[in-house]
$ cat coords-v5.txt   # compact mmCIF, C-alpha atoms
# COMPACT_ATOMS: atom_id res chain seq x y z
CA MET A 1 140.39 51.62 158.70
CA PRO A 2 140.96 48.19 157.07
CA GLN A 3 142.74 45.20 158.55
CA ASN A 4 146.16 44.77 156.95
CA SER A 5 149.22 42.55 156.90
CA ALA A 6 152.23 43.57 159.01
CA PRO A 7 153.94 45.40 156.09
CA GLN A 8 150.75 47.32 155.27
CA LYS A 9 150.30 48.27 158.93
CA ARG A 10 153.80 49.73 158.93
CA LEU A 11 152.97 51.78 155.84
CA LEU A 12 149.77 53.07 157.42
CA THR A 13 151.69 54.08 160.54
CA ALA A 14 154.03 56.14 158.36
CA VAL A 15 151.16 57.77 156.48
CA PHE A 16 149.49 59.00 159.67
CA ALA A 17 152.69 59.79 161.61
CA PRO A 18 152.93 63.26 163.24
CA LEU A 19 153.81 66.22 161.02
CA GLY A 20 153.89 68.87 163.76
CA ASP A 21 151.86 71.96 164.59
CA ALA A 22 153.47 74.00 161.82
CA ALA A 23 152.25 71.63 159.11
CA LYS A 24 150.06 73.09 156.41
CA ALA A 25 146.96 71.39 155.07
CA THR A 26 148.83 70.75 151.80
CA ARG A 27 151.43 68.65 153.67
CA VAL A 28 148.72 66.56 155.31
CA GLU A 29 147.01 66.18 151.95
CA GLU A 30 150.20 65.12 150.18
CA ARG A 31 151.08 62.63 152.92
CA ILE A 32 147.72 60.91 152.36
CA VAL A 33 148.22 61.05 148.58
CA GLN A 34 151.58 59.30 149.12
CA GLY A 35 149.78 56.64 151.15
CA ILE A 36 147.29 56.11 148.34
CA SER A 37 150.09 56.01 145.75
CA ALA A 38 152.09 53.49 147.79
CA GLY A 39 149.08 51.20 148.20
CA ALA A 40 148.84 51.69 151.96
CA LEU A 41 145.37 53.13 151.37
CA LEU A 42 143.22 51.32 148.81
CA ASP A 43 140.01 52.12 146.99
CA GLY A 44 137.17 51.97 149.54
CA ASP A 45 139.36 52.29 152.64
CA ARG A 46 137.98 54.53 155.37
CA LEU A 47 140.18 57.39 156.55
CA PRO A 48 140.32 58.51 160.19
CA SER A 49 137.83 61.21 161.20
CA GLU A 50 138.93 64.85 161.28
CA LEU A 51 139.60 64.62 165.02
CA GLU A 52 141.44 61.29 164.71
CA LEU A 53 143.49 62.55 161.78
CA ALA A 54 144.42 65.76 163.62
CA ALA A 55 145.47 63.83 166.74
CA SER A 56 147.44 61.22 164.79
CA MET A 57 149.35 63.70 162.63
CA GLY A 58 149.79 66.33 165.32
CA VAL A 59 147.95 69.12 163.52
CA ALA A 60 145.00 71.37 164.24
CA THR A 61 141.54 70.04 163.47
CA VAL A 62 140.98 72.82 160.96
CA THR A 63 144.16 71.72 159.14
CA ALA A 64 142.88 68.15 158.90
CA ARG A 65 139.51 69.45 157.68
CA GLU A 66 141.17 71.51 154.95
CA ALA A 67 143.30 68.55 153.87
CA LEU A 68 140.26 66.29 153.53
CA ALA A 69 138.50 69.01 151.54
CA GLY A 70 141.49 69.20 149.21
CA LEU A 71 141.41 65.43 148.70
CA ARG A 72 137.68 65.60 147.93
CA ASN A 73 138.30 68.35 145.38
CA ARG A 74 140.86 66.12 143.68
CA GLY A 75 138.37 63.26 143.54
CA LEU A 76 140.53 61.03 145.73
CA VAL A 77 138.08 60.68 148.63
CA GLU A 78 134.37 61.06 149.26
CA THR A 79 132.50 61.71 152.50
CA ARG A 80 129.32 59.76 153.27
CA ARG A 81 126.83 60.56 156.00
CA GLY A 82 125.01 58.21 158.30
CA ARG A 83 125.84 55.47 160.78
CA ASP A 84 128.28 53.79 158.40
CA GLY A 85 129.53 57.09 157.05
CA GLY A 86 132.98 58.62 156.98
CA THR A 87 135.58 59.63 154.44
CA PHE A 88 136.59 56.89 152.00
CA VAL A 89 139.30 56.58 149.37
CA THR A 90 137.89 56.66 145.85
CA LEU A 91 139.99 56.01 142.77
CA PRO A 92 138.64 55.70 139.22
CA SER A 93 138.55 51.97 138.48
CA GLY A 94 140.60 51.44 141.64
CA ASP A 95 143.72 52.35 139.66
CA ARG A 96 146.59 54.30 141.29
CA SER A 97 148.89 54.21 138.27
CA GLU A 98 147.79 57.52 136.73
CA LEU A 99 148.21 59.29 140.07
CA VAL A 100 151.75 57.94 140.40
CA ARG A 101 152.64 58.72 136.78
CA ARG A 102 151.65 62.35 137.28
CA ARG A 103 153.91 62.52 140.31
CA LEU A 104 156.81 60.90 138.47
CA ALA A 105 156.40 63.23 135.48
CA ALA A 106 156.47 66.26 137.80
CA MET A 107 159.82 65.20 139.32
CA SER A 108 163.21 66.11 137.88
CA ARG A 109 165.80 63.41 137.23
CA VAL A 110 168.00 65.02 139.88
CA GLU A 111 165.19 64.77 142.43
CA LEU A 112 164.49 61.16 141.45
CA ARG A 113 168.14 60.13 141.74
CA ASP A 114 168.51 61.94 145.08
CA LEU A 115 165.47 60.14 146.49
CA ALA A 116 166.89 56.81 145.28
CA ILE A 117 170.26 57.53 146.92
CA HIS A 118 168.55 58.20 150.27
CA TYR A 119 166.39 55.09 149.91
CA ALA A 120 169.43 52.94 149.02
CA ALA A 121 171.42 54.16 152.01
CA ILE A 122 168.67 53.26 154.48
CA ALA A 123 167.51 50.03 152.82
CA ALA A 124 171.05 48.67 152.34
CA THR A 125 172.02 49.41 155.93
CA ALA A 126 168.84 47.70 157.17
CA ALA A 127 169.65 44.64 155.04
CA GLU A 128 173.19 44.51 156.40
CA LEU A 129 171.91 44.58 159.99
CA ALA A 130 169.20 42.02 159.21
CA ALA A 131 171.82 39.56 157.95
CA ASP A 132 173.54 39.81 161.33
CA ALA A 133 170.36 39.52 163.39
CA ALA A 134 167.92 37.24 161.53
CA ASP A 135 167.39 33.65 162.63
CA LYS A 136 166.08 30.66 160.65
CA GLU A 137 162.41 31.48 161.34
CA ASP A 138 162.93 35.08 160.21
CA VAL A 139 164.43 33.88 156.92
CA GLU A 140 161.55 31.46 156.36
CA SER A 141 159.04 34.28 156.94
CA LEU A 142 160.88 36.46 154.43
CA ALA A 143 160.85 33.72 151.80
CA GLN A 144 157.12 33.12 152.30
CA LEU A 145 156.37 36.76 151.46
CA LEU A 146 157.70 36.21 147.95
CA ASP A 147 155.43 33.21 147.37
CA ALA A 148 152.31 34.23 149.28
CA PRO A 149 149.16 34.08 147.11
CA GLY A 150 147.24 37.25 146.44
CA ARG A 151 150.14 39.66 146.93
CA GLY A 152 150.66 40.20 143.21
CA ASN A 153 153.26 42.85 142.49
CA ARG A 154 153.33 43.89 146.18
CA ALA A 155 155.51 40.92 147.13
CA VAL A 156 158.85 42.71 146.77
CA GLY A 157 157.64 45.78 148.66
CA ASP A 158 156.37 43.64 151.54
CA PHE A 159 159.61 41.65 151.50
CA LEU A 160 161.75 44.79 151.83
CA LEU A 161 159.54 46.20 154.59
CA GLU A 162 159.98 43.04 156.63
CA LEU A 163 163.70 42.95 155.86
CA ALA A 164 164.00 46.45 157.32
CA ALA A 165 162.11 45.35 160.44
CA LEU A 166 164.63 42.54 160.92
CA SER A 167 167.38 45.14 161.35
CA GLN A 168 166.14 45.35 164.98
CA SER A 169 166.61 49.13 164.84
CA ALA A 170 163.29 50.87 165.50
CA ARG A 171 164.58 54.22 164.27
CA LEU A 172 166.05 52.78 161.06
CA THR A 173 162.87 50.83 160.39
CA ARG A 174 160.70 53.93 160.86
CA GLU A 175 162.87 55.88 158.42
CA TYR A 176 162.74 53.06 155.87
CA VAL A 177 158.94 52.82 156.14
CA ARG A 178 158.66 56.60 155.70
CA LEU A 179 160.82 56.43 152.58
CA HIS A 180 158.86 53.48 151.26
CA THR A 181 155.65 55.52 151.23
CA ASP A 182 157.55 58.03 149.08
CA TYR A 183 159.92 56.11 146.77
CA GLY A 184 157.91 52.91 147.10
CA SER A 185 154.87 54.55 145.52
CA LEU A 186 156.96 55.15 142.38
CA LEU A 187 158.21 51.57 142.48
CA GLY A 188 154.62 50.39 142.18
CA LEU A 189 154.76 51.49 138.55
CA ALA A 190 157.88 49.43 137.93
CA HIS A 191 156.47 46.32 139.59
CA ALA A 192 153.37 46.52 137.41
CA ASP A 193 155.75 45.52 134.60
CA PRO A 194 155.70 41.68 134.79
CA ALA A 195 159.24 41.29 133.41
CA TYR A 196 160.69 43.77 135.89
CA ASP A 197 158.71 42.29 138.79
CA ALA A 198 159.87 38.74 138.03
CA GLN A 199 163.48 39.91 137.81
CA MET A 200 163.23 41.67 141.17
CA VAL A 201 161.53 38.71 142.88
CA ASP A 202 164.52 36.60 141.79
CA LEU A 203 166.88 39.23 143.18
CA CYS A 204 164.98 39.16 146.50
CA ARG A 205 165.46 35.40 146.65
CA ARG A 206 169.19 36.07 146.40
CA ILE A 207 168.88 38.60 149.22
CA CYS A 208 167.06 35.98 151.28
CA THR A 209 169.90 33.53 150.67
CA ALA A 210 172.46 36.14 151.73
CA VAL A 211 170.53 36.79 154.95
CA ALA A 212 170.26 33.03 155.61
CA ASP A 213 174.04 32.77 155.11
CA ALA A 214 174.57 35.64 157.59
CA ASP A 215 176.39 37.59 154.87
CA PRO A 216 175.91 41.32 155.57
CA SER A 217 178.13 42.43 152.69
CA ALA A 218 176.19 40.45 150.08
CA SER A 219 172.84 41.54 151.55
CA ARG A 220 173.84 45.18 151.34
CA ALA A 221 175.20 44.85 147.80
CA LEU A 222 172.06 43.09 146.53
CA VAL A 223 169.72 45.73 147.97
CA ARG A 224 171.82 48.43 146.31
CA GLU A 225 171.54 46.47 143.06
CA TYR A 226 167.77 46.51 143.46
CA VAL A 227 167.75 50.29 143.89
CA ARG A 228 170.08 50.84 140.91
CA THR A 229 167.81 48.72 138.75
CA SER A 230 164.66 50.42 140.01
CA VAL A 231 165.90 53.95 139.40
CA ALA A 232 167.02 52.95 135.88
CA TRP A 233 163.46 51.70 135.19
CA LEU A 234 161.94 54.88 136.60
CA ILE A 235 164.23 57.10 134.52
CA ASP A 236 163.19 55.16 131.41
CA GLU A 237 159.55 55.72 132.38
CA HIS A 238 160.20 59.39 133.16
CA THR A 239 161.64 59.78 129.66
CA ARG A 240 158.62 58.10 128.10
CA LEU A 241 156.28 60.39 130.01
CA SER A 242 158.27 63.46 128.96
CA THR A 243 158.38 62.75 125.25
CA SER A 244 155.74 63.12 122.58
CA ALA A 245 153.44 60.33 121.43
CA ASP A 246 155.45 60.09 118.20
CA VAL A 247 158.47 58.80 120.10
CA THR A 248 156.44 55.84 121.36
CA THR A 249 156.45 54.31 117.87
CA ALA A 250 160.20 54.78 117.55
CA GLU A 251 160.80 52.97 120.84
CA THR A 252 159.92 49.64 119.22
CA THR A 253 163.35 49.72 117.53
CA SER A 254 165.23 51.24 120.47
CA PRO A 255 167.91 49.38 122.47
CA ALA A 256 166.84 47.46 125.57
CA PRO A 257 165.99 49.79 128.47
CA ALA A 258 168.71 50.51 131.00
CA TRP A 259 167.06 48.54 133.80
CA ARG A 260 167.37 45.29 131.82
CA LYS A 261 171.13 45.80 131.70
CA ALA A 262 171.44 46.46 135.46
$ encode --input "coords-v5.txt" --output "C-alpha cells"
Amino acid sequence: MPQNSAPQKRLLTAVFAPLGDAAKATRVEERIVQGISAGALLDGDRLPSELELAASMGVATVTAREALAGLRNRGLVETRRGRDGGTFVTLPSGDRSELVRRRLAAMSRVELRDLAIHYAAIAATAAELAADAADKEDVESLAQLLDAPGRGNRAVGDFLLELAALSQSARLTREYVRLHTDYGSLLGLAHADPAYDAQMVDLCRRICTAVADADPSASRALVREYVRTSVAWLIDEHTRLSTSADVTTAETTSPAPAWRKA
C-alpha cells in the first residue's frame, strides 16, 4: 500500500476497519469502493492480499476473495502475478468522478440530507472540541494544509480530517473519518468545481481563525455552514443528474445555484 499523509492514512484506516464475521462480500466490496471514491485509494495503489484484507476487516478469507472478484468484474481493480504482483486499483483515466456521480444519482434526496445531518453533527462537535484543545502549533499546522502545494481540491478534506483529530477524542475522530469516506467521497465532486472549492477554502480559513481564537461556538457554526453549503451543491448536482439533457441548455438562464446563496 502507498505512503500517505496523515489525513490519507486516517482514511485508509477507515476503509480497512473491521466489518465483523457477519459481513457479506458486497459490504467489503462497497467499503473499498467508498475508499476509491473518497480518494483514499488512488489509481495504481496496491490493495492488501486476500489474507491481509480478511484479517484487517474481520471477515473470512473467502469473503475477501469474493469481494476482490466483484471489484475485478466492475473494472475497479486488476490482479497481476509475479514477484511484484498483487491487486491494484485501476480507474479509466485515473478519474473517480463518474463512479461518484453514479453513487450520487442512485441516492434519494432524503438519504443525502440524512447523511449530511449525521456528518454535520459529528464534524461540528469535533470542531467545537478542537477550539478548546488546540494550541498555536496545531493552528499553524491546520493553516498549512490549506496552502500546501500539490493537494489540489483535497485541501479542505485534509483540513477537516485534521480538525477532527484535534478534538482529542479518539472515538469521535474514528466516527468522523468513517463518515468522511462516505459523505466525503460525494464532496469530491463539489470540490472539483473551482468556484465552490475556493469559497470553501476561504470558509476553512475562518474556521482556523475561530480555532485560534479558542471560540468553540464560532468553530461549530462555521463547520455547519460548510455542510449546509455542501449539501446544497450536491442537491443541485443530483437534480442535474436526474434531468434530461434538454434541461442542461435551459440551466444557462436559471437562477444561481442554491450553494452560492449559502
$ closest_residue --input "coords-v5.txt" --among "A:Val201, A:Leu146, A:Leu104, A:Ala123" --to "Arg174 (chain A)" --atoms "only C-alpha atoms"
A:Ala123
$ residues_around --input "coords-v5.txt" --residues "Arg74 (chain A)" --least-positions-apart "5" --cutoff "12 Å" --atoms "only C-alpha atoms" --output "PyMOL selection string"
chain A and resi 29-30+33+67-69+89-92+99
$ closest_residue --input "coords-v5.txt" --among "A:Ala218, A:Val177, A:Val156, A:Ile235" --to "Val15 (chain A)" --atoms "all atoms listed in the file"
A:Val177
$ closest_residue --input "coords-v5.txt" --among "A:Glu78, A:Glu237, A:Glu66, A:Glu111" --to "Leu187 (chain A)" --atoms "only C-alpha atoms"
A:Glu237
$ residues_near_point --input "coords-v5.txt" --point "(166.5, 47.4, 139.6)" --cutoff "10 Å" --atoms "only C-alpha atoms" --output "list of chain:residue names"
A:Leu187, A:Ala190, A:Tyr196, A:Asp197, A:Gln199, A:Met200, A:Leu203, A:Leu222, A:Val223, A:Arg224, A:Glu225, A:Tyr226, A:Val227, A:Arg228, A:Thr229, A:Ser230, A:Val231, A:Ala232, A:Trp233, A:Leu234, A:Ala258, A:Trp259, A:Arg260, A:Lys261, A:Ala262
$ axis_aligned_box --input "coords-v5.txt" --around "region 167-172 of chain A" --padding-each-side "4 Å" --output "JSON"
{"center_x": 165.3, "center_y": 49.7, "center_z": 163.3, "size_x": 12.1, "size_y": 17.1, "size_z": 12.4}
$ residues_near_point --input "coords-v5.txt" --point "(145.0, 50.7, 147.4)" --cutoff "10 Å" --atoms "only C-alpha atoms" --output "list in words"
Gly35, Ile36, Ser37, Ala38, Gly39, Ala40, Leu41, Leu42, Asp43, Gly44, Asp45, Val89, Thr90, Leu91, Gly94, Asp95 and Arg96 of chain A
$ write_last_selection --input "coords-v5.txt" --atoms "C-alpha atoms" --output "PDB file, keeping the file's coordinate frame"
ATOM      1  CA  GLY A  35     149.780  56.640 151.150  1.00  0.00           C
ATOM      2  CA  ILE A  36     147.290  56.110 148.340  1.00  0.00           C
ATOM      3  CA  SER A  37     150.090  56.010 145.750  1.00  0.00           C
ATOM      4  CA  ALA A  38     152.090  53.490 147.790  1.00  0.00           C
ATOM      5  CA  GLY A  39     149.080  51.200 148.200  1.00  0.00           C
ATOM      6  CA  ALA A  40     148.840  51.690 151.960  1.00  0.00           C
ATOM      7  CA  LEU A  41     145.370  53.130 151.370  1.00  0.00           C
ATOM      8  CA  LEU A  42     143.220  51.320 148.810  1.00  0.00           C
ATOM      9  CA  ASP A  43     140.010  52.120 146.990  1.00  0.00           C
ATOM     10  CA  GLY A  44     137.170  51.970 149.540  1.00  0.00           C
ATOM     11  CA  ASP A  45     139.360  52.290 152.640  1.00  0.00           C
ATOM     12  CA  VAL A  89     139.300  56.580 149.370  1.00  0.00           C
ATOM     13  CA  THR A  90     137.890  56.660 145.850  1.00  0.00           C
ATOM     14  CA  LEU A  91     139.990  56.010 142.770  1.00  0.00           C
ATOM     15  CA  GLY A  94     140.600  51.440 141.640  1.00  0.00           C
ATOM     16  CA  ASP A  95     143.720  52.350 139.660  1.00  0.00           C
ATOM     17  CA  ARG A  96     146.590  54.300 141.290  1.00  0.00           C
TER      18      ARG A  96
END
$ closest_residue --input "coords-v5.txt" --among "A:Ala221, A:Leu161, A:Leu129, A:Val110" --to "His180 (chain A)" --atoms "all atoms listed in the file"
A:Leu161
$ closest_residue --input "coords-v5.txt" --among "A:Arg10, A:Arg154, A:Arg220, A:Arg205" --to "Ala192 (chain A)" --atoms "only C-alpha atoms"
A:Arg154
